[in-house]
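**Student:** Sharing a structure below in structure tokens format, with a few things to ask.
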Amino acid sequence: MVAAVIFDLDGVIVDSEPVWEEVRRAYVSAHGGTWQADSQRRMMGMSTGEWSRYLSDELGVDRTAEQVATEVVTEMSRRYAHRVPLIDGGVDAVRRTAGRWPLGLASSSPTRLIRTALDATGLSDTFDATLSTEETRHGKPAPDVYLAVAERLGVDPARCVAVEDSANGVRSAAAAGMAVVAVPHGAYPLEPDAERLAAVVLSSIDELTPEVVATVHGGEERPGTADQQGG
């Protein structure tokens, strides 16, 4: 029975992956590094500390990892202050799901960008637990962030359903023992091994309904919601 649903943020609710790629590409170019064809895919799911070290150590950026993190996140914050790019249907999908189960958020975004995004979407009070991989030992594909969010929710990970878009995110949630609903971003398709790990693969977040979540391994409603919904 499903006891909680844990969402990723980037690529599921906020269409931020193309913005991250644009900002990081420009940063690497401006600071003497060399962008690789697989750089964006490799960084999807990494924590701030991990991707900043990757830019500094592997892509040859002439800045320390600490400087990279500060400067890239500052530029992302500037972009978000202008406009948070939402995925059509993402907010509605979260609200539909919140009517049935407690929700968690397990994101690779820095904490301050999570706050900005949730404020912009009006979802700040919808999640019972939110966590950035900045606060865990390892980013995705390690299971740390999903395990920590499940612990904060007080729910066995095996009774959680995760909603993810990236290959590393799917791997992370699956490694935590969760059933995964994958909603791949059109520009960043899942790699075959990650697709095999997903219990369900949807073509759009609009397809994420409580019925879909419940079929992953049986549904259990949030206490009291049936009465609130008139049934």
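Chains: A, B, ... in order of the structure tokens. Residues: from 1 per chain. Ligands: from 1, in order shown.
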Applying 8 Å and only C-alpha atoms, which residues near region 160-176 of chain A remain after dropping the ones on its own chain fewer than 5 positions away? List them as a short mmCIF file (atom, residue, chain, number, x, y, z; two decimals) with N, CA, C and O atoms, in the first residue's frame.
**Tutor:**
```
data_model
loop_
_atom_site.label_atom_id
_atom_site.label_comp_id
_atom_site.auth_asym_id
_atom_site.auth_seq_id
_atom_site.Cartn_x
_atom_site.Cartn_y
_atom_site.Cartn_z
N VAL A 2 0.52 2.22 -0.80
CA VAL A 2 1.25 3.48 -0.85
C VAL A 2 0.92 4.29 0.39
O VAL A 2 -0.25 4.51 0.72
N ALA A 3 1.97 4.76 1.09
CA ALA A 3 1.77 5.58 2.28
C ALA A 3 2.20 7.02 2.08
O ALA A 3 1.79 7.90 2.84
N ALA A 4 3.02 7.28 1.07
CA ALA A 4 3.47 8.66 0.80
C ALA A 4 4.02 8.72 -0.62
O ALA A 4 4.44 7.71 -1.19
N VAL A 5 4.01 9.92 -1.19
CA VAL A 5 4.56 10.16 -2.53
C VAL A 5 5.63 11.24 -2.41
O VAL A 5 5.41 12.27 -1.77
N ILE A 6 6.77 10.96 -3.01
CA ILE A 6 7.90 11.89 -2.94
C ILE A 6 8.24 12.37 -4.35
O ILE A 6 8.54 11.56 -5.24
N PHE A 7 8.16 13.66 -4.55
CA PHE A 7 8.42 14.28 -5.85
C PHE A 7 9.85 14.78 -5.95
O PHE A 7 10.41 15.30 -4.98
N ASP A 8 10.40 14.68 -7.14
CA ASP A 8 11.56 15.47 -7.52
C ASP A 8 11.03 16.86 -7.91
O ASP A 8 9.82 17.03 -8.13
N GLY A 11 12.59 19.29 -13.46
CA GLY A 11 12.18 18.38 -14.52
C GLY A 11 10.83 17.75 -14.29
O GLY A 11 10.27 17.13 -15.20
N VAL A 12 10.27 17.89 -13.08
CA VAL A 12 8.96 17.34 -12.76
C VAL A 12 7.95 18.46 -12.52
O VAL A 12 6.85 18.45 -13.07
N MET A 44 22.83 15.78 -13.88
CA MET A 44 21.44 15.70 -13.43
C MET A 44 21.35 14.80 -12.20
O MET A 44 21.68 13.62 -12.27
N GLY A 45 20.94 15.37 -11.09
CA GLY A 45 20.83 14.62 -9.84
C GLY A 45 22.00 14.84 -8.90
O GLY A 45 21.89 14.52 -7.72
N LYS A 140 22.03 12.25 -5.93
CA LYS A 140 21.52 11.17 -6.77
C LYS A 140 22.62 10.79 -7.78
O LYS A 140 23.35 11.67 -8.23
N PRO A 141 22.82 9.53 -8.12
CA PRO A 141 21.92 8.37 -7.98
C PRO A 141 21.99 7.63 -6.65
O PRO A 141 21.35 6.59 -6.52
N ALA A 142 22.78 8.10 -5.69
CA ALA A 142 22.75 7.47 -4.36
C ALA A 142 21.35 7.67 -3.75
O ALA A 142 20.68 8.65 -4.05
N PRO A 143 20.93 6.79 -2.87
CA PRO A 143 19.56 6.86 -2.33
C PRO A 143 19.39 7.83 -1.18
O PRO A 143 18.27 7.97 -0.67
N ASP A 144 20.46 8.51 -0.75
CA ASP A 144 20.46 9.27 0.51
C ASP A 144 19.26 10.20 0.67
O ASP A 144 18.60 10.21 1.71
N TYR A 146 16.31 10.35 -0.81
CA TYR A 146 15.00 9.71 -0.72
C TYR A 146 14.83 9.00 0.63
O TYR A 146 13.74 9.04 1.23
N LEU A 147 15.87 8.37 1.10
CA LEU A 147 15.79 7.73 2.42
C LEU A 147 15.55 8.76 3.51
O LEU A 147 14.76 8.53 4.44
N ALA A 150 11.90 10.05 3.38
CA ALA A 150 10.99 9.04 3.93
C ALA A 150 11.08 9.01 5.45
O ALA A 150 10.05 8.90 6.14
N VAL A 155 7.75 7.25 7.20
CA VAL A 155 7.17 6.22 6.34
C VAL A 155 8.27 5.27 5.87
O VAL A 155 9.39 5.69 5.55
N VAL A 181 7.61 6.30 -10.46
CA VAL A 181 6.89 6.75 -11.64
C VAL A 181 7.81 7.72 -12.36
O VAL A 181 8.17 8.77 -11.82
N ALA A 182 8.21 7.37 -13.56
CA ALA A 182 9.14 8.21 -14.33
C ALA A 182 8.37 9.04 -15.34
O ALA A 182 7.47 8.54 -16.02
N VAL A 183 8.74 10.32 -15.40
CA VAL A 183 8.15 11.24 -16.39
C VAL A 183 9.33 11.93 -17.08
O VAL A 183 9.69 13.05 -16.74
N PRO A 184 9.96 11.26 -18.05
CA PRO A 184 11.19 11.80 -18.64
C PRO A 184 10.96 13.13 -19.36
O PRO A 184 9.93 13.34 -20.00
N HIS A 185 11.94 14.01 -19.24
CA HIS A 185 11.94 15.27 -19.99
C HIS A 185 12.23 14.96 -21.44
O HIS A 185 13.11 14.15 -21.75
N TYR A 188 15.84 15.11 -22.40
CA TYR A 188 16.77 14.27 -21.65
C TYR A 188 16.13 12.91 -21.39
O TYR A 188 15.70 12.61 -20.28
N PRO A 189 16.03 12.05 -22.41
CA PRO A 189 15.36 10.76 -22.23
C PRO A 189 16.10 9.85 -21.25
O PRO A 189 17.30 10.01 -21.01
N LEU A 190 15.35 8.91 -20.68
CA LEU A 190 15.96 7.97 -19.75
C LEU A 190 16.91 7.02 -20.47
O LEU A 190 16.65 6.61 -21.61
N GLU A 191 17.97 6.65 -19.77
CA GLU A 191 18.84 5.59 -20.27
C GLU A 191 18.16 4.25 -20.01
O GLU A 191 17.34 4.12 -19.09
N ALA A 194 17.79 2.76 -16.45
CA ALA A 194 16.90 3.53 -15.58
C ALA A 194 15.44 3.29 -15.95
O ALA A 194 14.57 3.18 -15.08
N GLU A 195 15.17 3.20 -17.24
CA GLU A 195 13.79 2.94 -17.67
C GLU A 195 13.30 1.60 -17.15
O GLU A 195 12.14 1.46 -16.75
N LEU A 197 14.11 0.30 -14.37
CA LEU A 197 13.89 0.41 -12.92
C LEU A 197 12.55 1.05 -12.58
O LEU A 197 12.04 0.88 -11.46
N ALA A 198 11.98 1.79 -13.52
CA ALA A 198 10.72 2.49 -13.26
C ALA A 198 9.54 1.53 -13.30
O ALA A 198 9.45 0.68 -14.18
N VAL A 213 -0.83 6.41 -9.41
CA VAL A 213 0.02 6.17 -8.24
C VAL A 213 -0.46 4.93 -7.48
O VAL A 213 0.35 4.08 -7.08
N VAL A 216 0.60 1.44 -8.67
CA VAL A 216 2.01 1.04 -8.56
C VAL A 216 2.15 -0.13 -7.59
O VAL A 216 2.77 -1.12 -7.88
#
```
**Student:** Could you please determine the separation between CA of Asp156 (chain A) and CA of Arg42 (chain A) in Å, to one decimal place?
**Tutor:**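 It comes out at 29.1 Å.
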**Student:** Contacts of Ser124 (chain A) at 12 Å or less, counting only C-alpha atoms, minus same-chain residues fewer than 2 places along, as a VMD selection string?
**Tutor:** chain A and resid 91 94 to 95 103 to 105 114 to 122 126 to 130
**Student:** Any idea what the distance is between CA of His82 (chain A) and CA of Gln40 (chain A)?
**Tutor:**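 Taking CA of His82 (chain A) as the start and CA of Gln40 (chain A) as the end point, the length is 23.0 Å.
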**Student:** Can you list, as a VMD selection string, every protein, DNA or RNA residue that comes within 7 Å of Pro210 (chain A) when you count only C-alpha atoms, leaving out same-chain residues fewer than 4 positions away?
**Tutor:** chain A and resid 96 to 97 214
**Student:** Based on the selection just made, write C-alpha atoms of those residues as a CSV table (one decimal), in the first residue's frame.
**Tutor:**
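Below is the file that was written, result-v4.csv:
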```
chain,number,residue,atom,x,y,z
A,96,ARG,CA,-4.1,16.0,-7.1
A,97,THR,CA,-1.7,13.7,-5.3
A,214,ALA,CA,-2.3,3.7,-6.5
```
**Student:** Can you tell me, as a compact mmCIF listing (two decimals) with N, CA, C and O atoms, in the first residue's frame, what residues are no more than 8 Å from region 24-34 of chain A when counting only C-alpha atoms, ignoring any on the same chain fewer than 3 positions away?
**Tutor:**
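Saved result, part39.txt, follows:
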```txt
# COMPACT_ATOMS: atom_id res chain seq x y z
N TRP A 20 19.50 25.24 -16.18
CA TRP A 20 20.77 24.80 -15.59
C TRP A 20 21.82 24.58 -16.68
O TRP A 20 22.98 24.99 -16.54
N GLU A 21 21.42 23.92 -17.76
CA GLU A 21 22.38 23.64 -18.83
C GLU A 21 22.89 24.94 -19.45
O GLU A 21 24.10 25.11 -19.68
N LEU A 55 32.63 20.62 -12.43
CA LEU A 55 33.00 21.74 -13.29
C LEU A 55 34.45 22.16 -13.05
O LEU A 55 35.20 22.43 -14.00
N LEU A 59 35.95 19.59 -15.91
CA LEU A 59 35.73 20.41 -17.10
C LEU A 59 36.74 21.54 -17.20
O LEU A 59 36.73 22.32 -18.16
N GLY A 60 37.62 21.66 -16.22
CA GLY A 60 38.74 22.59 -16.33
C GLY A 60 38.41 24.04 -16.06
O GLY A 60 39.15 24.94 -16.49
N VAL A 61 37.32 24.32 -15.33
CA VAL A 61 36.98 25.69 -14.98
C VAL A 61 38.03 26.24 -14.02
O VAL A 61 38.45 25.55 -13.08
N ASP A 62 38.47 27.48 -14.27
CA ASP A 62 39.56 28.05 -13.47
C ASP A 62 39.06 28.72 -12.19
O ASP A 62 39.47 29.82 -11.83
N ARG A 63 38.16 28.03 -11.50
CA ARG A 63 37.61 28.51 -10.23
C ARG A 63 37.54 27.33 -9.27
O ARG A 63 37.44 26.18 -9.69
N VAL A 72 27.38 30.07 -9.80
CA VAL A 72 26.35 29.46 -10.64
C VAL A 72 24.98 29.56 -9.96
O VAL A 72 23.98 29.91 -10.61
```
